[in-house]
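S.K.: Starting off with a structure, shown below.
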Amino acid sequence: MKLKLTINGELQVCEVHPMKRLLDVLRDDIQLKGAKEGCGKGECGACAVIMNGRLVNSCMVSALRAYGSYITTIEGLGCSVAPDALQTAFVEEGAVQCGFCTPGMILAARALLERKQEPDLEEIKTALSGNLCRCTGYERIFRAINRAVKEGYSKNIVSSSVSVNNECSPELNNEEKNCYYSPRNLEDAVNILSKMESKLIIIAGGTDVFPNAKNDELKLKSVMDISNIPELKNISLEGKYIRIGSCVTNAELMESSLLKGSASLIVQAASKSGAVAVQNMATIGGNIMTASGEADMITALMALDADIRIIGRGQKESIIPLEKFIDGYRSTVLKRDELLKEILIPISSAKNKYEAFYKRGTRRALTFSRVALACCIEKDAEGCVTKARFVAGSMSPVPIRLRDVESMLTGRKVDAQFAEAAARKAGAIVMPRKESAYRKKVTENLVRKFILDSY
Amino acid sequence: MPDYNIIGKPVARLDGYGKASGEALYIGDMLSKSAWVCGVVRSESASGVIRRIVFQDSFNWDKVTTITAKDLKSVNYVAMIRPDYPILADEEVIFSTQGVVLVAAPDEDTLKSAMSAITVEIDELPPVLTIEESITKKRVIYGSDNTIDEFSVSSGNTEAAFAEADRIIEGTYFTGYQEHVYLETQGMTATPLENGGVVITGSLQCPHYVHNAAVQALGLVDTPEKVVIKQAMTGGGFGGKEDYPSILGVWTALLALKSGRTVKFIYGREEDMLCTTKRHPSKISHKTAVKNDGTITAMEIDILLDGGAVTTMSKVVLSRSILHSTGCYAIPNARIRGRAMATNTPPNGAFRGFGAPQSQFALERHLDKIADELGLDPLDVRLKNIMRVGDKFPYGQVLESGASAERVLLNVVERSKYREKRAKYICENMDNKTRLRHGIGLSVILHGGGFTGAGEDMMGTKVKVEIDVNRDIISILASSAEMGQGASTVLPMLAAETFGVPLSCVEYDLPDTSIVPNSGPTVASRTTMYVGKVLQNASSNLISKIKSCLEATAKVQFRYEKGAFINEVKKYSIFEAAQLYCKENGSCSKISAEAIYEPAAGYSWDDEKYEGTAYKGYSWMAQVVEVSVDMDTYEVIPEKSTIAVELGRAINPILASGQIEGGTLQSYGWANTESLSLTNDGKYTARHLSGYAVPTTLDAPSFDVELLEEPCDFGALGAKGIGELPMDGGAPAMAAAVQNATGVFAEKIPISGEYLFSLVESNMSKTGETGAGGGK
């Protein structure tokens, strides 16, 4: 394809394969070597660049996706003889050692400062939590960022955040046109699916597809990128439901005031997923489509009684409960010619509502859940539980509702003793294959904690 | 402190702007597009006999270059300490992922097709996968009894001390694998030369190690100059690029010579994690005679390291482990035995700390145990036994000066308010109800700088300095690699200080073995201390050389001051004087001088008796770490780390603190989140970074580091080693803090959620409570 994109303010045009990774485009075609490959799976941040104002791991972005985008790489900040204030702060504060993580790390800091002029330490840590550094212990990186902030760096940023014109389609050659699709509206996407004879790989955020793609798999199969379909990118109200388009990213979920007010469980789950660069790309629909026990968004959505709206041939729509949508490990009821259009979450009118999403991974960011638990309780004015939802993730092929716990609690006033009984019940239900006793106990503890906290 | 111009100043690292701007080129950034790509067909079995290697006829083998053990024309070993690491498996395989067939191909697709057209048929044997299996000689897989190396030390009369002891306290401690996770994976490129030699360029710590291995593997021992090793900018090493690049270097060189082309071999993360060296897992048992007041009268220590299938660095890792096993304490009677055992697992290798983190983890945990059993504060047990000037190590060395253990320990105790906080947390955690607990723990450790024993004397470190009179630049020629630790800043600082010139007048390029003398490998925390010292001498030699010439020509005396030769009437800058020198010496454009490390008189190490001066300078570090522990999820988070280090001289305080902070976090990772084990067929369980959790920003504490100085005569301007020091103390301090928070005693790291849970559970069943308070 003919790839056109703006890098560090300059329009670049190059001929590349549509599934070539942005990282390779930058390094091989544009000869910008600042972005490094540390893992190729979005697990280290060494390849991070800023795309359309957001930090992304360039190892998980295709050329097709990057078409028409605005990219800032480390080379766009300053060169060694004329560094910008952030680069200078990194060098002078000792935030650079081996230097391999440095370009990605500086860009992660830059992306933060574009959005938040004076972040506090926690915000800095969170913004950098997807960028591994093995040399510094991070202390000096925090100091460098604080110094740049004090020097007014944030105020001088000319934001790379621009509104991107999604309408112009990538320029594919004739052969590519039969294999790679990047529809700009939903109708086209459905039509493409309808006429396909073999299975299409559908990419939304790419954060699951790219790490799992073996060798050149993506270059050998047909692919549809659905990340540029406006109808799939909205969060809105529809009667008594919140409607979330399947291509809404985790970052957009976290920023949604509607969700913060009415479905904070989703916001909590999204903010515990991956780290910034992953959150910026990963979509709620993509997470659901993995249909895996470790998919945190499924765990959260099941606790909210979410439904799935499917769209298929002839733009025909249907609605199915999420729990039924996923019909097994890595399996959904979605047919080959259908698309997951959106997620519908009923808005609760309950006054006393408590929600919490717990995740225990092997560390605090960039981690898969060893235990994930979504909890939701509604109570009436007397403190009686009117509705309870407990969903455990990552301990079974797909997340499971702890129905026995829910029914124990429903219709009752909960006290500490009862919390203990419910907790034990929860621990007894989940059946993790590995580290079983431990994960059962954590489940038990978290259910107890949730009930006592809501009590 | 003497009045230095550059030393001790917070100088920004010289390679910093290149790195922060993305201009710095690592090996993966400078590859030729036309270079062939390499791969290795590896053993899927941990142990077995190779029945045959099948090259399928369907593939056109003319398109690629392949090499098996049968094709090797010289030796079949990668030269390291012992010639026991096969370049390629020949008749038998001894660990999973062992290389069997090397392949080079014009492109990735061809490489993949070729590799999938090769099958290695192996008759499997039951592998020996653990230290225990190795000791019981389930099968003999190495030497006569699976022991790769064994050393022992004894001093005093241990038996008598045990007979007289108030108490005898025993404990066994375990540490797990650790992967380096340098952010840049291993990578190398090799180009054949017309003279039959080869140039190997790559991400590496020890150019001359690779050189030696390649020269032997290629059969070029008589013409070693035909092999040239160049270091590329290196994105982290931590020991992982000490031994392994010799293997990759030999492989790429063989492929380059056979194919007649430039080849490149950059590991993906998966290949790097599955195939490269790890830190030696350990099992260390302590038996200690104590008085009721906490005085230690005797120690028996048994150290077992899992060496993997062959020696690599195990001999010296074991040695350092033994020599650090009594840490900062004066132990009058000691008996220490250490063994590195062979297993059918990928060979373990060098990793920051080099055996000392394992033995000091065990020791510091054991001190905590002694404190527990005697009802004392762990701090008081440490103070009671702390090493002071005049005390003797079990291997006979008397600590003559620089005994700073007590100083650093009291420093952190004071700054962190350790005693108050510990008492407070014990009190808070007593009721067992708090779900989010806080805990505090400490450790004090030492680390010997430079090679162990006679290593530095035998190394004969050589450094050259050179003035280019056309550019007025002083160049340092040494083989020390910059891998992030700051050698390329610290060495120029030392040279600039010695010459009395601005730092901008000094250059230090990445080493190239055809240009630089052998100043030894970049390991063992030796660069600043030892190479720096030889560099100072080389600089002084060059000054003297120019001075003699100047005085002979001018027929008057000069003194050297602040970068110039001065007398009452005349002043020549070093560069003016160098020009005069060159004019006098046939209009040369460069003038240089060398220096070689000179063994200090009166200090020796006897390898046979295993006694003497093991290290000429010990650095000391104490830390207090505060953690929070979530009792619902058994998650441990380090919150605050207060550290004091006595490092002789802080040549560059920013870089020194950076080493301490980074190394400490690496130690916390080892203790906490970095979990790695083996599958039943002897492969590592983690192949991706998501499966091996190094700390992120959210898993790191805030650091407060104080650098204390007590100059050491043997190091450059008094400097001692610091690179590895911080790796030794983080893990035991963290385990102690977890104990303070939860009341459970971890004898093993990593303290994973599952392990902490099991400790809490068994503690509960012992105490019959819903938790346990404090850590008495």
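Residue numbers start at 1 in each chain; chains themselves are named A, B, ... in the order of the structure tokens; ligands are numbered from 1 in the order shown.
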Considering only strand (DSSP E or B) as DSSP defines it on the backbone, what residues of range 157-336 of chain A qualify? List them as an MDAnalysis selection string.
M.R.: chainID A and resid 171 180:181 201:203 223:225 235:238 241:245 249 283 307:312 316:321 326:328 331:332
S.K.: Those same residues, written as a short mmCIF file (atom, residue, chain, number, x, y, z; two decimals), in the first residue's frame with C-alpha atoms?
M.R.:
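Result file follows (result_34.cif):
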```cif
data_model
loop_
_atom_site.label_atom_id
_atom_site.label_comp_id
_atom_site.auth_asym_id
_atom_site.auth_seq_id
_atom_site.Cartn_x
_atom_site.Cartn_y
_atom_site.Cartn_z
CA GLU A 171 -4.42 3.56 -0.75
CA TYR A 180 -7.14 -5.93 3.53
CA TYR A 181 -10.07 -3.81 4.49
CA ILE A 201 -9.19 -11.68 10.93
CA ILE A 202 -10.81 -8.67 12.51
CA ILE A 203 -8.56 -6.17 14.20
CA VAL A 223 -7.78 -8.80 7.59
CA MET A 224 -10.36 -6.14 8.35
CA ASP A 225 -9.37 -3.25 10.56
CA ILE A 235 -20.56 5.93 24.45
CA SER A 236 -24.13 7.16 24.74
CA LEU A 237 -27.48 6.72 26.46
CA GLU A 238 -30.20 4.65 24.88
CA TYR A 241 -29.19 1.59 28.80
CA ILE A 242 -25.69 2.85 28.35
CA ARG A 243 -24.49 1.96 24.90
CA ILE A 244 -20.80 1.39 24.33
CA GLY A 245 -19.54 0.89 20.81
CA THR A 249 -10.85 1.96 23.78
CA THR A 283 -11.05 -1.98 22.78
CA ASP A 307 -26.08 -7.38 26.68
CA ILE A 308 -24.39 -7.57 23.32
CA ARG A 309 -25.85 -6.11 20.15
CA ILE A 310 -24.81 -7.99 17.06
CA ILE A 311 -25.07 -6.70 13.54
CA GLY A 312 -25.02 -8.97 10.51
CA LYS A 316 -29.84 -6.87 10.78
CA GLU A 317 -29.35 -6.45 14.50
CA SER A 318 -29.99 -8.75 17.43
CA ILE A 319 -29.39 -8.59 21.17
CA ILE A 320 -28.06 -11.38 23.35
CA PRO A 321 -26.93 -11.41 26.98
CA ILE A 326 -19.62 -16.24 25.10
CA ASP A 327 -20.28 -19.93 24.67
CA GLY A 328 -16.93 -21.39 25.66
CA SER A 331 -15.52 -19.02 21.54
CA THR A 332 -18.57 -16.81 20.94
#
```
S.K.: Do me a favour and pick out the residues of chain B within 6 Å of chain A, using only C-alpha atoms, as a list in words.
M.R.: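 So the contacting residues turn out to be Ala12, Gly16, Tyr17, Gly18, Lys19, Ala20, Ser21, Gly22, Leu183, Glu184, Gly235, Gly236, Arg269, Met483, Gly484, Asp632, Thr633, Ile654, Gly658, Glu661, Gly662, Leu665, Thr696, Thr697, Leu698 and Glu754 of chain B.
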S.K.: Would you write out those residues with N, CA and C atoms, as a compact mmCIF listing (two decimals), in the first residue's frame?
M.R.:
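Result file follows (part22.txt):
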```txt
# COMPACT_ATOMS: atom_id res chain seq x y z
N ALA B 12 26.66 15.12 33.96
CA ALA B 12 25.70 14.37 33.14
C ALA B 12 26.46 13.38 32.27
N GLY B 16 24.56 10.48 27.20
CA GLY B 16 23.16 10.73 27.55
C GLY B 16 22.34 11.34 26.42
N TYR B 17 22.86 12.37 25.79
CA TYR B 17 22.05 13.06 24.77
C TYR B 17 21.85 12.21 23.53
N GLY B 18 22.88 11.42 23.20
CA GLY B 18 22.71 10.51 22.06
C GLY B 18 21.58 9.51 22.33
N LYS B 19 21.52 9.06 23.56
CA LYS B 19 20.49 8.08 23.92
C LYS B 19 19.11 8.74 24.05
N ALA B 20 19.07 9.92 24.64
CA ALA B 20 17.78 10.57 24.87
C ALA B 20 17.19 11.14 23.57
N SER B 21 17.99 11.23 22.54
CA SER B 21 17.48 11.76 21.27
C SER B 21 17.21 10.64 20.27
N GLY B 22 17.50 9.42 20.66
CA GLY B 22 17.30 8.30 19.74
C GLY B 22 18.40 8.16 18.71
N LEU B 183 16.96 -4.57 28.48
CA LEU B 183 15.87 -4.19 27.56
C LEU B 183 16.23 -4.51 26.11
N GLU B 184 17.54 -4.45 25.81
CA GLU B 184 17.97 -4.83 24.48
C GLU B 184 18.37 -6.31 24.52
N GLY B 235 22.47 -2.19 25.31
CA GLY B 235 21.27 -1.81 26.06
C GLY B 235 21.06 -2.67 27.29
N GLY B 236 22.00 -2.58 28.20
CA GLY B 236 21.88 -3.32 29.46
C GLY B 236 22.60 -4.65 29.38
N ARG B 269 12.74 -11.61 21.91
CA ARG B 269 12.64 -11.74 23.37
C ARG B 269 12.42 -13.20 23.77
N MET B 483 27.58 -0.22 29.24
CA MET B 483 26.33 -0.97 29.04
C MET B 483 25.20 -0.30 29.80
N GLY B 484 25.45 0.96 30.16
CA GLY B 484 24.44 1.70 30.91
C GLY B 484 24.95 2.13 32.26
N ASP B 632 -5.41 -9.49 51.82
CA ASP B 632 -6.46 -10.12 51.03
C ASP B 632 -5.88 -10.78 49.78
N THR B 633 -4.88 -10.14 49.21
CA THR B 633 -4.33 -10.67 47.94
C THR B 633 -2.89 -11.17 48.10
N ILE B 654 25.76 11.06 40.70
CA ILE B 654 24.49 10.75 40.02
C ILE B 654 24.52 9.32 39.50
N GLY B 658 22.42 6.09 40.81
CA GLY B 658 21.63 5.38 39.81
C GLY B 658 21.90 3.88 39.84
N GLU B 661 20.17 2.56 43.07
CA GLU B 661 18.70 2.49 42.98
C GLU B 661 18.27 1.35 42.04
N GLY B 662 18.89 1.33 40.86
CA GLY B 662 18.52 0.31 39.88
C GLY B 662 18.82 -1.10 40.36
N LEU B 665 16.29 -2.16 43.04
CA LEU B 665 14.99 -2.57 42.50
C LEU B 665 15.09 -3.96 41.86
N THR B 696 7.50 -2.73 37.48
CA THR B 696 7.14 -1.53 36.72
C THR B 696 7.27 -0.34 37.66
N THR B 697 6.95 0.84 37.15
CA THR B 697 6.97 2.04 38.02
C THR B 697 6.10 1.85 39.26
N LEU B 698 5.00 1.11 39.09
CA LEU B 698 4.07 0.97 40.21
C LEU B 698 4.54 -0.06 41.24
N GLU B 754 1.36 -16.76 46.12
CA GLU B 754 1.02 -18.13 46.53
C GLU B 754 1.89 -18.58 47.70
```
S.K.: Considering only C-alpha atoms, return as a ChimeraX atom specification whatever protein or nucleic-acid residues lie within 12 Å of Ala114 in chain B, sequence-local ones (same chain, fewer than 2 positions apart) excluded.
M.R.: /B:37-41,54-66,101-112,116-119
S.K.: DSSP on the backbone, then: every residue of range 583-754 of chain B marked alpha helix (DSSP H), written as a count of residues only.
M.R.: 41
S.K.: Excluding Gln536 in chain B and any residue of its chain fewer than 3 positions from it, enumerate the residues within 7 Å of it, using only C-alpha atoms, and give them as a list in words.
M.R.: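 Those residues are Leu494, Ala495, Thr498, Gly532, Lys533, Ser539 and Ser540 of chain B.
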S.K.: Would you mind exporting the chosen residues as an mmCIF file, in the first residue's frame, restricted to N, CA and C atoms?
M.R.:
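The result, stored in again_14.cif:
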```cif
data_model
loop_
_atom_site.group_PDB
_atom_site.id
_atom_site.type_symbol
_atom_site.label_atom_id
_atom_site.label_comp_id
_atom_site.auth_asym_id
_atom_site.auth_seq_id
_atom_site.Cartn_x
_atom_site.Cartn_y
_atom_site.Cartn_z
ATOM 1 N N LEU B 494 37.912 10.414 35.148
ATOM 2 C CA LEU B 494 39.177 10.101 35.838
ATOM 3 C C LEU B 494 40.371 10.604 35.027
ATOM 4 N N ALA B 495 40.317 10.413 33.705
ATOM 5 C CA ALA B 495 41.422 10.868 32.864
ATOM 6 C C ALA B 495 41.507 12.389 32.879
ATOM 7 N N THR B 498 43.007 13.567 36.091
ATOM 8 C CA THR B 498 44.446 13.314 36.176
ATOM 9 C C THR B 498 45.228 14.285 35.290
ATOM 10 N N GLY B 532 40.033 2.056 36.237
ATOM 11 C CA GLY B 532 40.198 3.495 36.481
ATOM 12 C C GLY B 532 41.568 3.824 37.057
ATOM 13 N N LYS B 533 42.016 2.968 37.956
ATOM 14 C CA LYS B 533 43.317 3.192 38.589
ATOM 15 C C LYS B 533 44.449 3.045 37.555
ATOM 16 N N SER B 539 47.713 7.750 32.381
ATOM 17 C CA SER B 539 47.668 9.202 32.179
ATOM 18 C C SER B 539 48.914 9.856 32.768
ATOM 19 N N SER B 540 49.283 9.437 33.970
ATOM 20 C CA SER B 540 50.491 9.981 34.597
ATOM 21 C C SER B 540 51.722 9.636 33.771
#
```
S.K.: Excluding same-chain residues fewer than 4 positions from range 257-270 of chain A, what lies within 10 Å of it counting only C-alpha atoms, as a CSV table (one decimal) with C-alpha atoms, in the first residue's frame?
M.R.:
```csv
chain,number,residue,atom,x,y,z
A,235,ILE,CA,-20.6,5.9,24.5
A,236,SER,CA,-24.1,7.2,24.7
A,237,LEU,CA,-27.5,6.7,26.5
A,242,ILE,CA,-25.7,2.8,28.4
A,244,ILE,CA,-20.8,1.4,24.3
A,249,THR,CA,-10.9,2.0,23.8
A,250,ASN,CA,-10.1,1.3,27.4
A,251,ALA,CA,-8.7,4.8,27.7
A,252,GLU,CA,-12.0,6.2,26.4
A,253,LEU,CA,-13.9,4.1,28.9
A,274,GLY,CA,-2.3,-3.4,30.7
A,275,ALA,CA,-0.8,0.1,30.9
A,279,GLN,CA,-5.3,1.1,27.2
A,282,ALA,CA,-7.3,-2.0,23.4
A,283,THR,CA,-11.0,-2.0,22.8
A,284,ILE,CA,-13.9,-3.3,24.8
A,295,ALA,CA,-10.5,-10.9,29.9
A,296,ASP,CA,-11.1,-8.4,32.6
A,297,MET,CA,-13.8,-6.4,30.7
A,298,ILE,CA,-15.9,-9.5,30.4
A,299,THR,CA,-15.7,-10.0,34.1
A,300,ALA,CA,-16.8,-6.5,34.8
A,301,LEU,CA,-19.5,-6.4,32.2
A,303,ALA,CA,-21.5,-8.1,36.8
A,304,LEU,CA,-23.4,-5.3,35.1
A,345,ILE,CA,-25.5,-1.8,30.1
A,346,PRO,CA,-28.8,-1.4,32.0
A,347,ILE,CA,-28.7,1.7,34.2
A,348,SER,CA,-29.7,0.9,37.7
A,349,SER,CA,-32.0,3.2,39.6
A,353,LYS,CA,-25.2,0.8,44.9
A,354,TYR,CA,-21.7,-0.4,45.5
A,355,GLU,CA,-19.3,-1.6,42.8
A,356,ALA,CA,-15.7,-2.7,42.9
A,357,PHE,CA,-13.3,-4.4,40.5
A,358,TYR,CA,-10.4,-6.2,42.1
A,359,LYS,CA,-7.4,-7.5,40.1
A,372,ALA,CA,-10.2,-10.9,39.0
A,373,LEU,CA,-13.4,-10.2,40.7
A,374,ALA,CA,-16.2,-7.8,39.8
A,375,CYS,CA,-18.7,-7.1,42.6
A,376,CYS,CA,-21.9,-5.2,42.6
```
S.K.: Of the residues A:Ala277, A:Leu186, A:Ala144, A:Cys14, which is the one nearest to Ala108 in chain A, using only C-alpha atoms?
M.R.: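 Selected residue with least distance to Ala108 in chain A: A:Ala277.
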S.K.: Kindly give the distance, in Å, that separates CA of Val523 in chain B and CA of Pro750 in chain B, rounded to a single decimal.
M.R.: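 Interatomic distance, CA of Val523 in chain B to CA of Pro750 in chain B: 25.4 Å.
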S.K.: Please, what distance in Å, to one decimal, runs between CA of Lys590 in chain B and CA of Lys464 in chain B?
M.R.: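 Computed distance, CA of Lys590 in chain B to CA of Lys464 in chain B, equals 12.2 Å.
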S.K.: Give me, as an mmCIF file with C-alpha atoms, in the first residue's frame, all polymer residues having an atom no more than 9 Å from Gly260 in chain B, counting only C-alpha atoms and skipping those fewer than 6 positions away in the same chain.
M.R.:
```cif
data_model
loop_
_atom_site.group_PDB
_atom_site.id
_atom_site.type_symbol
_atom_site.label_atom_id
_atom_site.label_comp_id
_atom_site.auth_asym_id
_atom_site.auth_seq_id
_atom_site.Cartn_x
_atom_site.Cartn_y
_atom_site.Cartn_z
ATOM 1 C CA THR B 191 31.617 -10.178 8.646
ATOM 2 C CA PRO B 192 34.252 -12.424 7.069
ATOM 3 C CA LEU B 193 37.578 -10.844 6.170
#
```
